[in-house]
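Asks: So I've got this file, coords_24.txt, and it contains compact mmCIF, C-alpha atoms:
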# COMPACT_ATOMS: atom_id res chain seq x y z
CA MET R 1 -78.83 -2.06 126.00
CA THR R 2 -78.11 1.66 125.94
CA GLU R 3 -78.00 3.27 122.49
CA ALA R 4 -74.83 5.00 121.27
CA TYR R 5 -75.45 8.14 119.24
CA ILE R 6 -73.24 10.28 117.03
CA TYR R 7 -73.62 13.92 118.04
CA ASP R 8 -70.85 15.45 115.95
CA ALA R 9 -68.31 14.44 113.32
CA ALA R 10 -65.44 16.74 112.42
CA ARG R 11 -62.32 16.39 110.34
CA THR R 12 -59.38 18.38 109.10
CA PRO R 13 -58.79 18.89 105.41
CA ARG R 14 -56.22 16.40 104.15
CA GLY R 15 -52.80 17.81 103.30
CA LYS R 16 -50.32 16.30 100.88
CA GLY R 17 -48.21 13.85 102.87
CA ARG R 18 -44.92 15.33 101.75
CA LYS R 19 -42.45 17.83 103.12
CA ASP R 20 -43.94 20.49 100.85
CA GLY R 21 -47.47 19.70 102.05
CA SER R 22 -49.39 22.33 103.99
CA LEU R 23 -49.56 20.28 107.21
CA HIS R 24 -45.95 19.09 107.32
CA GLU R 25 -45.02 21.59 110.05
CA VAL R 26 -47.99 20.53 112.21
CA THR R 27 -47.29 17.57 114.49
CA SER R 28 -49.77 14.77 115.06
CA LEU R 29 -50.08 16.03 118.62
CA ALA R 30 -50.99 19.57 117.56
CA LEU R 31 -53.39 18.34 114.88
CA SER R 32 -55.09 15.94 117.28
CA ALA R 33 -55.48 18.60 119.98
CA GLN R 34 -57.05 20.96 117.44
CA MET R 35 -59.65 18.34 116.60
CA LEU R 36 -60.48 17.74 120.25
CA ASN R 37 -60.85 21.47 120.78
CA ALA R 38 -63.06 21.75 117.71
CA VAL R 39 -65.50 19.15 119.02
CA LYS R 40 -65.45 20.77 122.46
CA SER R 41 -66.18 24.26 121.13
CA ARG R 42 -68.66 23.21 118.43
CA ASN R 43 -70.79 21.51 121.07
CA ASP R 44 -70.11 23.92 123.96
CA LEU R 45 -68.87 21.10 126.20
CA PRO R 46 -67.34 21.57 129.65
CA GLY R 47 -63.82 20.25 130.13
CA ASP R 48 -64.92 17.11 131.95
CA ALA R 49 -67.85 16.17 129.72
CA ILE R 50 -66.40 13.01 128.22
CA GLU R 51 -65.32 9.71 129.72
CA ASP R 52 -62.32 9.08 127.48
CA VAL R 53 -60.62 9.83 124.18
CA ILE R 54 -59.97 6.77 121.99
CA TRP R 55 -57.56 7.66 119.22
CA GLY R 56 -56.33 5.65 116.24
CA ASN R 57 -52.77 6.05 115.03
CA VAL R 58 -50.91 3.48 112.95
CA THR R 59 -47.22 4.38 113.07
CA GLN R 60 -46.78 4.75 116.82
CA VAL R 61 -43.13 5.78 116.98
CA MET R 62 -41.18 9.00 117.56
CA GLU R 63 -43.56 11.93 118.01
CA ASN R 64 -46.53 9.59 117.53
CA GLY R 65 -45.46 7.31 120.38
CA GLY R 66 -46.12 7.47 124.10
CA CYS R 67 -49.93 7.36 123.82
CA LEU R 68 -50.79 10.15 121.41
CA ALA R 69 -54.35 10.14 122.75
CA ARG R 70 -53.37 11.15 126.28
CA ALA R 71 -50.84 13.72 125.09
CA SER R 72 -53.52 15.25 122.85
CA VAL R 73 -55.95 15.57 125.75
CA LEU R 74 -53.32 17.32 127.85
CA LEU R 75 -52.58 19.78 125.04
CA SER R 76 -56.28 20.40 124.45
CA ASP R 77 -58.84 22.41 126.42
CA PHE R 78 -60.28 19.31 128.07
CA ASP R 79 -59.58 18.71 131.73
CA GLN R 80 -56.66 16.53 132.76
CA SER R 81 -59.20 14.18 134.34
CA VAL R 82 -60.04 12.94 130.82
CA PRO R 83 -57.78 9.96 129.96
CA GLY R 84 -56.72 8.79 126.50
CA LEU R 85 -56.30 5.47 124.74
CA ALA R 86 -54.19 5.05 121.59
CA ILE R 87 -55.09 2.08 119.41
CA ASN R 88 -53.81 0.49 116.22
CA ARG R 89 -55.80 -1.67 113.84
CA PHE R 90 -53.81 -0.39 110.88
CA CYS R 91 -56.05 1.37 108.34
CA ALA R 92 -59.18 0.75 110.40
CA SER R 93 -57.77 2.36 113.57
CA GLY R 94 -60.07 5.38 113.39
CA MET R 95 -63.11 3.19 112.78
CA GLU R 96 -62.11 0.82 115.56
CA ALA R 97 -61.83 3.81 117.91
CA VAL R 98 -65.42 4.74 117.06
CA ASN R 99 -66.61 1.16 117.45
CA LEU R 100 -64.88 0.76 120.81
CA ALA R 101 -66.36 4.02 122.07
CA ALA R 102 -69.84 3.03 120.90
CA ASN R 103 -69.58 -0.36 122.58
CA GLN R 104 -68.42 1.29 125.81
CA VAL R 105 -71.43 3.61 125.76
CA LYS R 106 -73.77 0.74 124.93
CA GLY R 107 -72.34 -1.23 127.83
CA GLY R 108 -72.80 1.62 130.29
CA ALA R 109 -69.09 2.43 130.74
CA GLY R 110 -69.47 6.20 130.59
CA ASP R 111 -71.90 8.62 128.97
CA ALA R 112 -69.72 10.02 126.17
CA TYR R 113 -66.45 9.61 124.29
CA ILE R 114 -64.52 11.34 121.57
CA ALA R 115 -63.16 8.81 119.08
CA GLY R 116 -61.17 9.21 115.91
CA GLY R 117 -57.56 9.33 114.90
CA CYS R 118 -54.67 11.10 113.24
CA GLU R 119 -51.79 10.42 110.90
CA VAL R 120 -49.24 12.97 109.74
CA MET R 121 -47.52 10.82 107.16
CA SER R 122 -45.21 13.60 105.99
CA ARG R 123 -43.54 13.63 109.42
CA VAL R 124 -43.64 9.96 110.47
CA ALA R 125 -43.40 7.77 107.40
CA MET R 126 -45.55 4.70 106.89
CA GLY R 127 -43.57 1.59 107.85
CA SER R 128 -41.03 3.43 109.98
CA ASP R 129 -42.06 1.36 112.99
CA GLY R 130 -40.31 -1.72 111.55
CA ALA R 131 -43.34 -3.97 111.95
CA ALA R 132 -42.70 -7.65 112.66
CA MET R 133 -45.20 -8.66 109.98
CA ALA R 134 -42.75 -7.50 107.34
CA VAL R 135 -39.35 -8.10 108.90
CA ASP R 136 -39.60 -11.18 111.16
CA PRO R 137 -39.20 -14.27 108.94
CA ARG R 138 -41.19 -16.44 111.33
CA ILE R 139 -44.37 -14.55 110.43
CA ALA R 140 -43.42 -13.03 107.06
CA MET R 141 -42.48 -16.35 105.48
CA GLY R 142 -45.00 -18.43 107.36
CA GLU R 143 -47.92 -16.27 106.18
CA ASN R 144 -46.59 -15.47 102.69
CA PHE R 145 -46.31 -11.77 103.48
CA MET R 146 -46.55 -9.33 100.57
CA PRO R 147 -46.59 -5.53 100.32
CA GLN R 148 -50.11 -4.17 99.98
CA GLY R 149 -49.57 -2.90 96.45
CA VAL R 150 -48.72 -6.37 95.20
CA SER R 151 -51.69 -7.73 97.15
CA ALA R 152 -53.94 -5.21 95.40
CA ASP R 153 -52.59 -6.37 92.05
CA LEU R 154 -53.27 -9.94 93.14
CA ILE R 155 -56.90 -9.02 93.90
CA ALA R 156 -57.23 -7.50 90.44
CA THR R 157 -55.76 -10.65 88.89
CA GLU R 158 -57.82 -13.07 90.96
CA TYR R 159 -61.13 -11.30 90.35
CA GLY R 160 -60.59 -10.13 86.79
CA PHE R 161 -60.13 -6.36 87.03
CA THR R 162 -58.10 -4.78 84.25
CA ARG R 163 -55.88 -1.71 84.29
CA GLU R 164 -58.67 0.08 82.40
CA ASP R 165 -61.22 -0.89 85.09
CA CYS R 166 -59.01 0.48 87.85
CA ASP R 167 -58.20 3.69 86.01
CA ALA R 168 -61.86 4.33 85.21
CA PHE R 169 -62.74 3.91 88.87
CA ALA R 170 -59.94 6.26 89.93
CA ALA R 171 -61.04 8.94 87.46
CA GLN R 172 -64.57 8.65 88.84
CA SER R 173 -63.26 9.14 92.39
CA GLN R 174 -61.51 12.34 91.32
CA ALA R 175 -64.61 13.64 89.55
CA ARG R 176 -66.87 12.86 92.50
CA ALA R 177 -64.53 14.46 95.02
CA ALA R 178 -64.21 17.60 92.92
CA ALA R 179 -68.00 17.82 92.58
CA ALA R 180 -68.44 17.33 96.34
CA TRP R 181 -66.06 20.17 97.14
CA GLU R 182 -67.64 22.40 94.49
CA ASP R 183 -71.06 21.70 96.02
CA ARG R 184 -69.70 22.34 99.57
CA ARG R 185 -70.89 18.93 100.77
CA PHE R 186 -68.11 18.68 103.37
CA ASP R 187 -68.83 22.03 105.04
CA LYS R 188 -70.53 20.52 108.08
CA SER R 189 -67.48 18.42 108.94
CA ILE R 190 -64.43 20.39 107.84
CA VAL R 191 -62.43 22.22 110.51
CA PRO R 192 -59.68 24.37 108.94
CA VAL R 193 -56.23 23.78 110.42
CA THR R 194 -54.63 26.83 112.01
CA ASP R 195 -51.11 27.65 113.11
CA ILE R 196 -50.03 28.73 116.59
CA ASN R 197 -51.17 32.28 115.82
CA GLY R 198 -54.63 31.19 114.74
CA LEU R 199 -53.99 31.78 111.05
CA THR R 200 -55.50 29.24 108.66
CA ILE R 201 -52.98 26.85 107.14
CA LEU R 202 -55.34 24.60 105.18
CA ASP R 203 -59.08 24.68 104.54
CA HIS R 204 -59.47 22.16 101.71
CA ASP R 205 -58.26 18.69 100.69
CA GLU R 206 -55.11 19.58 98.78
CA TYR R 207 -54.26 16.14 97.36
CA MET R 208 -57.05 16.14 94.77
CA ARG R 209 -56.36 16.39 91.06
CA PRO R 210 -59.62 17.63 89.52
CA GLY R 211 -60.02 16.94 85.85
CA THR R 212 -58.01 13.72 85.95
CA THR R 213 -59.17 11.33 83.22
CA ALA R 214 -58.72 7.63 82.69
CA GLU R 215 -56.59 8.52 79.68
CA ASP R 216 -54.28 10.57 81.91
CA LEU R 217 -53.98 7.67 84.35
CA GLY R 218 -53.25 5.24 81.54
CA LYS R 219 -49.91 6.97 81.00
CA LEU R 220 -48.61 6.14 84.49
CA LYS R 221 -46.22 3.29 85.15
CA ALA R 222 -47.41 0.41 87.34
CA SER R 223 -45.97 1.06 90.79
CA PHE R 224 -45.56 -2.48 92.09
CA GLN R 225 -44.40 -4.42 89.04
CA GLU R 226 -40.70 -4.23 89.85
CA MET R 227 -41.06 -5.42 93.44
CA GLY R 228 -43.34 -8.16 92.17
CA GLU R 229 -41.32 -9.40 89.23
CA VAL R 230 -37.73 -8.45 89.91
CA MET R 231 -36.58 -7.79 93.44
CA PRO R 232 -37.50 -9.10 95.92
CA GLY R 233 -39.89 -11.04 93.69
CA PHE R 234 -43.17 -11.00 95.59
CA ASP R 235 -45.08 -12.35 92.60
CA LYS R 236 -43.57 -15.75 93.35
CA VAL R 237 -44.86 -15.49 96.90
CA ALA R 238 -48.31 -14.72 95.55
CA LEU R 239 -48.26 -17.65 93.14
CA MET R 240 -47.21 -20.07 95.88
CA LYS R 241 -50.47 -19.18 97.64
CA TYR R 242 -52.53 -18.87 94.44
CA PRO R 243 -51.01 -21.48 92.09
CA HIS R 244 -54.01 -21.47 89.75
CA LEU R 245 -52.93 -18.06 88.44
CA GLU R 246 -50.36 -17.93 85.65
CA ARG R 247 -49.03 -14.52 86.66
CA VAL R 248 -49.87 -11.38 88.61
CA ASN R 249 -51.14 -8.52 86.49
CA HIS R 250 -49.74 -5.26 87.83
CA VAL R 251 -52.46 -2.65 87.37
CA HIS R 252 -52.07 -0.26 90.30
CA HIS R 253 -50.08 2.95 90.37
CA ALA R 254 -50.05 6.31 92.15
CA GLY R 255 -53.19 7.45 90.38
CA ASN R 256 -55.49 4.54 91.27
CA SER R 257 -54.16 3.89 94.78
CA SER R 258 -54.88 5.86 97.95
CA GLY R 259 -52.92 9.05 98.49
CA ILE R 260 -50.35 9.52 101.26
CA VAL R 261 -51.68 12.48 103.23
CA ASP R 262 -51.86 14.18 106.64
CA GLY R 263 -55.12 14.53 108.55
CA ALA R 264 -57.19 13.94 111.66
CA THR R 265 -60.82 13.39 112.58
CA ALA R 266 -62.94 13.28 115.75
CA ILE R 267 -66.44 11.95 116.41
CA LEU R 268 -68.50 12.72 119.51
CA ILE R 269 -70.39 9.64 120.72
CA GLY R 270 -72.73 9.51 123.69
CA ASN R 271 -75.92 8.14 125.15
CA LYS R 272 -79.31 9.86 125.23
CA GLU R 273 -78.76 11.31 128.69
CA PHE R 274 -75.52 12.97 127.58
CA GLY R 275 -77.31 14.75 124.74
CA GLU R 276 -80.13 15.89 126.98
CA LYS R 277 -77.71 17.18 129.62
CA HIS R 278 -75.75 19.28 127.14
CA GLY R 279 -78.60 20.32 124.85
CA LEU R 280 -77.37 18.27 121.89
CA THR R 281 -79.46 16.55 119.23
CA PRO R 282 -78.22 13.15 118.03
CA ARG R 283 -77.60 12.84 114.29
CA ALA R 284 -77.43 9.03 114.06
CA ARG R 285 -77.12 5.94 116.16
CA ILE R 286 -74.36 3.41 115.74
CA LYS R 287 -76.50 0.41 114.90
CA ALA R 288 -73.76 -2.22 114.64
CA ASN R 289 -70.06 -2.84 114.20
CA ALA R 290 -67.92 -5.82 113.29
CA LYS R 291 -64.38 -6.93 112.55
CA ILE R 292 -62.91 -10.04 110.96
CA GLY R 293 -59.67 -11.66 109.92
CA SER R 294 -59.13 -12.46 106.23
CA GLU R 295 -56.48 -14.24 104.16
CA PRO R 296 -53.22 -12.33 104.79
CA THR R 297 -51.45 -12.81 101.47
CA ILE R 298 -54.17 -11.31 99.29
CA ASN R 299 -54.52 -9.12 102.35
CA LEU R 300 -57.12 -6.53 101.32
CA THR R 301 -60.33 -8.47 100.72
CA GLY R 302 -61.67 -7.92 104.26
CA PRO R 303 -64.56 -5.56 103.33
CA VAL R 304 -66.46 -8.44 101.72
CA PRO R 305 -66.47 -10.97 104.60
CA VAL R 306 -66.87 -8.31 107.29
CA THR R 307 -69.89 -6.89 105.47
CA GLU R 308 -71.37 -10.37 105.19
CA LYS R 309 -70.73 -10.82 108.91
CA ILE R 310 -72.24 -7.54 110.10
CA LEU R 311 -75.35 -8.01 107.97
CA ALA R 312 -75.88 -11.60 109.13
CA GLU R 313 -75.37 -10.72 112.79
CA ASN R 314 -78.02 -8.01 112.55
CA GLY R 315 -80.60 -9.81 110.41
CA MET R 316 -80.04 -7.46 107.48
CA SER R 317 -79.41 -7.80 103.77
CA ILE R 318 -77.31 -5.68 101.46
CA ASN R 319 -80.54 -4.13 100.19
CA ASP R 320 -81.19 -2.64 103.63
CA ILE R 321 -78.24 -0.27 103.17
CA ASP R 322 -78.94 3.06 101.47
CA LEU R 323 -75.34 4.29 101.09
CA PHE R 324 -71.86 2.80 101.38
CA GLU R 325 -68.38 4.12 102.12
CA VAL R 326 -65.70 1.61 101.13
CA ASN R 327 -62.20 2.91 101.70
CA GLU R 328 -60.35 3.33 98.43
CA ALA R 329 -57.06 1.83 99.55
CA PHE R 330 -56.65 0.63 95.96
CA ALA R 331 -59.13 0.64 93.10
CA ALA R 332 -59.42 -3.16 93.04
CA VAL R 333 -60.56 -3.23 96.69
CA VAL R 334 -63.73 -1.30 95.92
CA LEU R 335 -64.24 -3.03 92.59
CA ARG R 336 -64.21 -6.35 94.43
CA PHE R 337 -66.82 -5.04 96.89
CA LEU R 338 -69.05 -3.91 94.03
CA GLN R 339 -68.58 -7.25 92.29
CA ALA R 340 -69.31 -9.33 95.39
CA PHE R 341 -72.54 -7.57 96.37
CA GLN R 342 -73.74 -6.28 93.00
CA VAL R 343 -74.71 -2.97 94.59
CA ASP R 344 -75.49 0.12 92.57
CA ASP R 345 -72.29 2.08 91.98
CA ALA R 346 -74.26 5.29 92.59
CA LYS R 347 -74.61 4.29 96.27
CA VAL R 348 -70.89 3.73 96.89
CA ASN R 349 -68.41 6.51 97.67
CA VAL R 350 -70.77 9.18 96.40
CA ASN R 351 -68.27 11.95 97.12
CA GLY R 352 -65.13 10.19 95.98
CA GLY R 353 -62.64 8.65 98.36
CA ALA R 354 -59.04 8.09 99.30
CA ILE R 355 -57.83 7.76 95.71
CA ALA R 356 -58.78 11.40 95.16
CA MET R 357 -58.46 12.88 98.65
CA GLY R 358 -55.96 10.62 100.40
CA HIS R 359 -55.79 8.11 103.24
CA PRO R 360 -54.34 9.39 106.55
CA LEU R 361 -54.06 5.89 107.99
CA GLY R 362 -55.14 6.30 111.61
CA ALA R 363 -57.91 8.78 110.79
CA THR R 364 -59.58 7.41 107.67
CA GLY R 365 -61.90 4.90 109.34
CA ALA R 366 -63.56 7.62 111.39
CA MET R 367 -63.46 10.07 108.47
CA ILE R 368 -65.56 7.86 106.25
CA ILE R 369 -68.15 7.42 109.01
CA GLY R 370 -68.48 11.20 109.16
CA THR R 371 -68.66 11.49 105.37
CA LEU R 372 -71.30 8.77 105.30
CA LEU R 373 -73.40 10.58 107.91
CA ASP R 374 -73.20 13.88 106.04
CA GLU R 375 -74.29 12.21 102.81
CA LEU R 376 -77.18 10.34 104.47
CA GLU R 377 -78.43 13.69 105.71
CA ARG R 378 -77.92 15.41 102.35
CA GLN R 379 -79.87 12.72 100.49
CA ASP R 380 -82.38 12.21 103.33
CA LYS R 381 -81.48 8.51 103.51
CA GLU R 382 -81.57 6.38 106.64
CA VAL R 383 -78.96 3.60 106.84
CA GLY R 384 -75.31 3.57 105.83
CA LEU R 385 -72.41 1.12 106.01
CA ALA R 386 -68.74 2.07 106.16
CA THR R 387 -65.99 -0.50 105.75
CA LEU R 388 -62.24 -0.77 105.23
CA CYS R 389 -59.71 -3.37 104.25
CA VAL R 390 -57.00 -3.69 106.89
CA ALA R 391 -53.33 -4.67 106.67
CA ALA R 392 -52.31 -8.22 107.61
CA GLY R 393 -55.65 -9.52 106.38
CA MET R 394 -58.54 -7.97 108.32
CA GLY R 395 -61.72 -6.01 107.73
CA SER R 396 -63.82 -3.60 109.81
CA ALA R 397 -67.34 -2.29 109.34
CA THR R 398 -69.83 0.06 110.99
CA ILE R 399 -73.53 0.55 110.29
CA ILE R 400 -75.12 3.85 111.25
CA GLU R 401 -78.80 4.83 111.19
CA ARG R 402 -80.16 8.34 111.27
CA VAL R 403 -82.48 9.30 114.09
Could you render the structure as C-alpha cells?
Replies:
Amino acid sequence: MTEAYIYDAARTPRGKGRKDGSLHEVTSLALSAQMLNAVKSRNDLPGDAIEDVIWGNVTQVMENGGCLARASVLLSDFDQSVPGLAINRFCASGMEAVNLAANQVKGGAGDAYIAGGCEVMSRVAMGSDGAAMAVDPRIAMGENFMPQGVSADLIATEYGFTREDCDAFAAQSQARAAAAWEDRRFDKSIVPVTDINGLTILDHDEYMRPGTTAEDLGKLKASFQEMGEVMPGFDKVALMKYPHLERVNHVHHAGNSSGIVDGATAILIGNKEFGEKHGLTPRARIKANAKIGSEPTINLTGPVPVTEKILAENGMSINDIDLFEVNEAFAAVVLRFLQAFQVDDAKVNVNGGAIAMGHPLGATGAMIIGTLLDELERQDKEVGLATLCVAAGMGSATIIERV
C-alpha cells in the first residue's frame, strides 16, 4: 500500500472565543481560506496540486453551513478544480479529516490532500445546530444523554479523581503552555492571522493564563453542579446508568476544562511521488489511524479503548509510543488516560493543551497532530500518538512516525 506522508502542518493562533476576542470579526470562511493559502505558499504549490480539501467543522449552520470546505477553496488561491469535503465527527473532526485524507492517499485516490478544520466559536456558538442527540427524546432518553461537563464529572467520580487532582493537572497545562510559547516551540506551525489589509490581528494563543496555580483554580465554582443536582437534574440520569455510585462529584469548572476559542489548522498530506514532484521533504508518515464508539452516557472515555484498538491492530504496545497528545477536553479525560496506561506524565501533552490554549472544536484534532510532530522533531523522537474523546461516546486516534 502507498505510504501517506505529512509534508506540512500549520495552524492559526487560538483567539478567545468571545465577542471581545481577536478573531471574532474573522469568519470561519476567511480563517479557513487563510490556512489553505498558508500551506500553498509555504510549500510553493501550484493551484491544482492537491486532489481535495477535507475540512472538519462541528457546528455546520449559518456561515459555517453549505460545505465550508468548498467555499474555503473558492476563496483561496487554489484552483476551482480542487473540490472540498466538510465533515463532522464532533471534537475529532480535524483528526478525522487527516485520517480520511491519509487513507485516500494510501488507497491511491489522489497524490495529495489538505486536511484540517476550523471553528470560530465566538461567531457560531457551540450547540446552535440543535443536535438531535440532545433534543430528540427518542435518542436523548434512550441513551441517557448528559451534557459533557456532567459526563466529565462522572468520569472523575467513577475513576477516583478529586477536585485537587483536576486542578493540579490544569495548572500544569498552563505552565507547560507558557513554557512552550516562551521557548518558541510553536514557531514552525503558527501562521499569524491577518485582516483584509494584511495587518496582523493575532500571532499568539490569547486564551492562556500564565502563572495560574492550583490554589487559584481551587477558588472557582464547579460549573456543572447545578445542572447535575438541581435543574434539569442530570445526576439522576448518570446514576440510573451507574447505580453503584452514591453521587456524582462535581469537580470541573472553567479553569480545568477546555477553553472556548477560535482557530483553524491545515495539514498537507501526500505520497512520495507528490513530494518528489514539488521538491518537498516528508516530515512523518501516518502509520495508523482508528476510531471507535464508547459508552455514550459517560461519553468521554473514548481515548482509552481507541488507543487499545489502534495498538492491537498494528502489533504495538503502549511502550512503543515516545510521545502522546491527548486532547484536554476536561482534566479527568487525560487523567483517565494516564491511569489506564500508566504512561509517564512527562510524555503526555508536553506543551500543555486545550485547558490552557483552548479547543476550537473542528480544528483541534488536526492541531494536536501538528503539535505532536513538532515535539517529536524537537526531542528527536520517532513515534507519537494523538487521540481525542468525542461527543456522543466515541474516540479517535492517529499514530505518526518520523521519516
Asks: Using only C-alpha atoms, can you tell me which of R:Val326, R:Ala109, R:Met62, R:Leu31 comes closest to Thr307 (chain R)?
Replies: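 Among the listed residues, the smallest separation from Thr307 (chain R) belongs to R:Val326.
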Asks: In Å to one decimal, how far is CA of Arg123 (chain R) from CA of Gly302 (chain R)?
Replies: 28.6 Å
Asks: For Gly365 (chain R), which residue out of R:Arg336, R:Lys277, R:Arg89, R:Arg176 is the nearest one, using all atoms listed in the file?
Replies: R:Arg89
Asks: Residues within 10 Å of region 133-145 of chain R, please, as a PyMOL selection string. Count only C-alpha atoms; anything in the same chain fewer than 6 positions from it doesn't count.
Replies: chain R and resi 127+151+234+236-241+295-299+391-392
Asks: Counting all atoms listed in the file, which residue out of R:His244, R:Arg402, R:Arg185, R:His204 sits closest to Ala284 (chain R)?
Replies: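 Ranked by minimum distance to Ala284 (chain R), first place goes to R:Arg402.
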Asks: As an exercise, work out the distance from CA of Gly370 (chain R) to CA of Ala9 (chain R) in Å and give it to one decimal place.
Replies: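 Interatomic distance, CA of Gly370 (chain R) to CA of Ala9 (chain R): 5.3 Å.
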Asks: Between R:Ala125, R:Leu220, R:Val334, R:Ile196, single out the one closest to Gly353 (chain R), counting all atoms listed in the file.
Replies: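 So, comparing all the options, the nearest one is R:Val334.
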Asks: Of the residues R:Ala288, R:Val403, R:Met316, R:Val120, which is the one nearest to Val26 (chain R), using all atoms listed in the file?
Replies: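 Between R:Ala288, R:Val403, R:Met316, R:Val120, the residue approaching Val26 (chain R) most closely is R:Val120.
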Asks: Could you tell me which of R:Ile54, R:Leu154, R:Leu323, R:Val193 comes closest to Ile399 (chain R) if we count all atoms listed in the file?
Replies: R:Leu323
Asks: Give me, as number ranges by chain, all polymer residues having an atom no more than 10 Å from Asp165 (chain R), counting all atoms listed in the file and skipping those fewer than 6 positions away in the same chain.
Replies: R: 156, 214, 251, 331-332, 335
Asks: With a distance cut-off of 10 Å and all atoms listed in the file, select the neighbouring residues of Glu375 (chain R), excluding the residue or stretch itself and same-chain residues fewer than 4 positions from it, and output the selection as a ChimeraX atom specification.
Replies: /R:185-186,323-324,349-351,369-371,379-381,384
Asks: Taking C-alpha atoms for each residue, export the selection above as a CSV table (one decimal), in the frame of the given file.
Replies:
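New file selection27.csv:
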chain,number,residue,atom,x,y,z
R,185,ARG,CA,-70.9,18.9,100.8
R,186,PHE,CA,-68.1,18.7,103.4
R,323,LEU,CA,-75.3,4.3,101.1
R,324,PHE,CA,-71.9,2.8,101.4
R,349,ASN,CA,-68.4,6.5,97.7
R,350,VAL,CA,-70.8,9.2,96.4
R,351,ASN,CA,-68.3,12.0,97.1
R,369,ILE,CA,-68.2,7.4,109.0
R,370,GLY,CA,-68.5,11.2,109.2
R,371,THR,CA,-68.7,11.5,105.4
R,379,GLN,CA,-79.9,12.7,100.5
R,380,ASP,CA,-82.4,12.2,103.3
R,381,LYS,CA,-81.5,8.5,103.5
R,384,GLY,CA,-75.3,3.6,105.8
Asks: What's the 9 Å shell around Ala101 (chain R), counting only C-alpha atoms, without same-chain residues fewer than 2 positions away, as a list of chain:residue names?
Replies: R:Ala4, R:Asp52, R:Val53, R:Ile54, R:Glu96, R:Ala97, R:Val98, R:Asn99, R:Asn103, R:Gln104, R:Val105, R:Lys106, R:Ala112, R:Tyr113, R:Ile114, R:Ala115, R:Ile269, R:Gly270
